[in-house]
Amino acid sequence: MRAFYAEAIRMTKVIHAGLTDVGMKRNHNEDNYELVPDQGLFIVADGMGGHASGEVASQIAVETVCKFFRDASEDGDITWPYKEDKNRTYTENLFVNSVRYANLRVFEKASEDARYKGMGTTFVGMAIRDGRHYVAHVGDSRCYRVRDGQLAQVTEDHSLLNDYKKMARLTPEEEKNFPHKNIIVRALGMKESVLVDIGVEAVQPDDIFILCSDGLNGEVEDRDIQSLILEHKDDLDAMCRALIRRACDNGGKDNVTVVAVKVLEA
């Protein structure tokens, strides 16, 4: 089908930084991230599958979404792989289409090549444009926002732990010791199609967003994430380094990736 012509997009003025680290226990990094400021696009993907196949999955996801955004911006009459939802804006449809297509590409690669059987990746991406943020995600990689000094989790984990929390009240100790904490219930590449969560909200000057793999929030409590963001709010590179260093100091059992974006003018 043909996508409707791209609406006029006004890029919101932001600054940004990103960093990834293998952590303290792994021997290779299956995370990938990308910063695409000309599209207002920022992405983190956390691959899974082992033997480097997770790295392949996350790379496919990141590259597919970035390319789709760029192709759509250059050709307003580009053919989209999925039908647009008339109840969503152009950017929402663009994001959902690109992530669904990334899922298909990961799934097909895993199906065609025995080396990559069972691979998949989480995905969290944010597009900031027209004074709004659009956050698309699948899995348990997260987006946080700090506004007026307060940290809020923008995304909801697609994990067994989060599903269980909805059914039963867990004490902090029970949550910490939950035996299947790392099991995710939705990811790119698990099935031929995927449900993509997307949220839209107006941004404000000085909003700070963090996109991260679970290597960060799995090791660092939210209150400490907030404290480190506020401590380094004027230096995003230092912020990324500090967050990753704290995750590694706390054990660093997984790869850890952090992308920071600060809104200058909404």
# chains A, B, ... in the order shown; residues from 1 in each chain; ligands from 1
call {"tool": "residues_around", "arguments": {"residues": "Leu19 (chain A)", "least_positions_apart": "2", "cutoff": "10 Å", "atoms": "only C-alpha atoms", "output": "ChimeraX atom specification"}}
result
/A:17,21,32-34,212,237,239-241,243-244,256-260
call {"tool": "residues_around", "arguments": {"residues": "Gln150 (chain A)", "least_positions_apart": "4", "cutoff": "9 Å", "atoms": "only C-alpha atoms", "output": "list in words"}}
result
Arg145, Val146 and Gln226 of chain A
call {"tool": "atom_distance", "arguments": {"atom1": "CA of Pro205 (chain A)", "atom2": "CA of Ser227 (chain A)"}}
result
19.4 Å
call {"tool": "atom_distance", "arguments": {"atom1": "CA of Leu230 (chain A)", "atom2": "CA of Ile198 (chain A)"}}
result
26.5 Å
call {"tool": "residues_around", "arguments": {"residues": "Asp140 (chain A)", "least_positions_apart": "4", "cutoff": "7 Å", "atoms": "only C-alpha atoms", "output": "PDB file with C-alpha atoms, in the first residue's frame"}}
result
ATOM      1  CA  THR A 122      14.198  -5.917  22.619  1.00  0.00           C
ATOM      2  CA  ASP A 157       8.219  -3.773  30.593  1.00  0.00           C
ATOM      3  CA  HIS A 158       6.980  -6.685  28.510  1.00  0.00           C
ATOM      4  CA  SER A 159       8.300  -9.185  31.047  1.00  0.00           C
ATOM      5  CA  ILE A 184      10.514 -11.319  28.512  1.00  0.00           C
ATOM      6  CA  ASP A 214      18.073  -3.743  31.205  1.00  0.00           C
TER       7      ASP A 214
END
call {"tool": "closest_residue", "arguments": {"among": "A:Val138, A:Leu264, A:Leu228, A:Ile210", "to": "Gly18 (chain A)", "atoms": "only C-alpha atoms"}}
result
A:Ile210
call {"tool": "closest_residue", "arguments": {"among": "A:Ser141, A:Ala266, A:Ile229, A:Asp234", "to": "Asn217 (chain A)", "atoms": "only C-alpha atoms"}}
result
A:Ser141
call {"tool": "residues_around", "arguments": {"residues": "region 127-133 of chain A", "least_positions_apart": "6", "cutoff": "9 Å", "atoms": "only C-alpha atoms", "output": "PyMOL selection string"}}
result
chain A and resi 9-14+39-43+91+95+199-204+263+265-266
call {"tool": "select_by_dssp", "arguments": {"residues": "region 19-209 of chain A", "states": "alpha helix (DSSP H)", "output": "NGL selection string"}}
result
:A and (53-74 or 90-112 or 160-167 or 172-176)
call {"tool": "write_last_selection", "arguments": {"atoms": "C-alpha atoms", "output": "PDB file, in the first residue's frame"}}
result
ATOM      1  CA  SER A  53      23.309 -13.971  17.226  1.00  0.00           C
ATOM      2  CA  GLY A  54      21.819 -11.484  19.680  1.00  0.00           C
ATOM      3  CA  GLU A  55      24.187  -8.879  18.335  1.00  0.00           C
ATOM      4  CA  VAL A  56      22.970  -9.671  14.808  1.00  0.00           C
ATOM      5  CA  ALA A  57      19.323  -9.314  15.855  1.00  0.00           C
ATOM      6  CA  SER A  58      19.826  -5.956  17.577  1.00  0.00           C
ATOM      7  CA  GLN A  59      21.873  -4.653  14.655  1.00  0.00           C
ATOM      8  CA  ILE A  60      19.194  -5.655  12.138  1.00  0.00           C
ATOM      9  CA  ALA A  61      16.528  -3.938  14.246  1.00  0.00           C
ATOM     10  CA  VAL A  62      18.463  -0.690  14.613  1.00  0.00           C
ATOM     11  CA  GLU A  63      19.518  -0.516  10.972  1.00  0.00           C
ATOM     12  CA  THR A  64      16.043  -1.348   9.651  1.00  0.00           C
ATOM     13  CA  VAL A  65      14.264   1.322  11.682  1.00  0.00           C
ATOM     14  CA  CYS A  66      16.867   3.992  10.886  1.00  0.00           C
ATOM     15  CA  LYS A  67      16.756   3.223   7.171  1.00  0.00           C
ATOM     16  CA  PHE A  68      12.971   3.225   7.103  1.00  0.00           C
ATOM     17  CA  PHE A  69      12.848   6.675   8.746  1.00  0.00           C
ATOM     18  CA  ARG A  70      15.379   8.065   6.277  1.00  0.00           C
ATOM     19  CA  ASP A  71      13.736   6.486   3.231  1.00  0.00           C
ATOM     20  CA  ALA A  72      10.334   7.825   4.249  1.00  0.00           C
ATOM     21  CA  SER A  73      11.730  11.335   4.725  1.00  0.00           C
ATOM     22  CA  GLU A  74      13.271  11.260   1.227  1.00  0.00           C
ATOM     23  CA  TYR A  90       2.111  10.160  10.469  1.00  0.00           C
ATOM     24  CA  THR A  91       5.023   9.771  12.900  1.00  0.00           C
ATOM     25  CA  GLU A  92       3.194   7.158  14.965  1.00  0.00           C
ATOM     26  CA  ASN A  93       2.436   5.128  11.847  1.00  0.00           C
ATOM     27  CA  LEU A  94       5.992   5.555  10.603  1.00  0.00           C
ATOM     28  CA  PHE A  95       7.411   4.288  13.893  1.00  0.00           C
ATOM     29  CA  VAL A  96       5.072   1.323  14.249  1.00  0.00           C
ATOM     30  CA  ASN A  97       5.590   0.297  10.611  1.00  0.00           C
ATOM     31  CA  SER A  98       9.365   0.483  10.911  1.00  0.00           C
ATOM     32  CA  VAL A  99       9.487  -1.592  14.108  1.00  0.00           C
ATOM     33  CA  ARG A 100       7.081  -4.198  12.750  1.00  0.00           C
ATOM     34  CA  TYR A 101       9.217  -4.450   9.624  1.00  0.00           C
ATOM     35  CA  ALA A 102      12.353  -4.800  11.783  1.00  0.00           C
ATOM     36  CA  ASN A 103      10.640  -7.654  13.620  1.00  0.00           C
ATOM     37  CA  LEU A 104       9.914  -9.405  10.318  1.00  0.00           C
ATOM     38  CA  ARG A 105      13.507  -9.021   9.153  1.00  0.00           C
ATOM     39  CA  VAL A 106      14.888 -10.493  12.396  1.00  0.00           C
ATOM     40  CA  PHE A 107      12.367 -13.349  12.256  1.00  0.00           C
ATOM     41  CA  GLU A 108      13.195 -14.153   8.638  1.00  0.00           C
ATOM     42  CA  LYS A 109      16.948 -14.085   9.271  1.00  0.00           C
ATOM     43  CA  ALA A 110      16.522 -16.458  12.213  1.00  0.00           C
ATOM     44  CA  SER A 111      14.333 -18.774  10.103  1.00  0.00           C
ATOM     45  CA  GLU A 112      16.671 -18.855   7.097  1.00  0.00           C
ATOM     46  CA  LEU A 160       7.051 -12.078  33.124  1.00  0.00           C
ATOM     47  CA  LEU A 161       7.910 -10.156  36.272  1.00  0.00           C
ATOM     48  CA  ASN A 162       5.791  -7.186  35.224  1.00  0.00           C
ATOM     49  CA  ASP A 163       2.882  -9.461  34.286  1.00  0.00           C
ATOM     50  CA  TYR A 164       3.134 -11.121  37.689  1.00  0.00           C
ATOM     51  CA  LYS A 165       3.225  -7.740  39.443  1.00  0.00           C
ATOM     52  CA  LYS A 166      -0.096  -6.892  37.810  1.00  0.00           C
ATOM     53  CA  MET A 167      -1.667 -10.015  39.299  1.00  0.00           C
ATOM     54  CA  PRO A 172      10.455  -5.162  47.298  1.00  0.00           C
ATOM     55  CA  GLU A 173      12.220  -8.293  48.572  1.00  0.00           C
ATOM     56  CA  GLU A 174       9.911 -10.632  46.610  1.00  0.00           C
ATOM     57  CA  GLU A 175      10.434  -8.563  43.475  1.00  0.00           C
ATOM     58  CA  LYS A 176      14.198  -8.616  43.954  1.00  0.00           C
TER      59      LYS A 176
END
call {"tool": "atom_distance", "arguments": {"atom1": "CA of Gly215 (chain A)", "atom2": "CA of Glu192 (chain A)"}}
result
26.7 Å
call {"tool": "closest_residue", "arguments": {"among": "A:Glu84, A:Asp249, A:Glu221, A:Glu156", "to": "Met24 (chain A)", "atoms": "only C-alpha atoms"}}
result
A:Asp249
call {"tool": "closest_residue", "arguments": {"among": "A:Ile183, A:Ala45, A:Ile15, A:Val154", "to": "Asp235 (chain A)", "atoms": "only C-alpha atoms"}}
result
A:Ile15
call {"tool": "residues_around", "arguments": {"residues": "His137 (chain A)", "least_positions_apart": "3", "cutoff": "8 Å", "atoms": "only C-alpha atoms", "output": "MDAnalysis selection string"}}
result
chainID A and resid 122:125 141:142 155 196:198
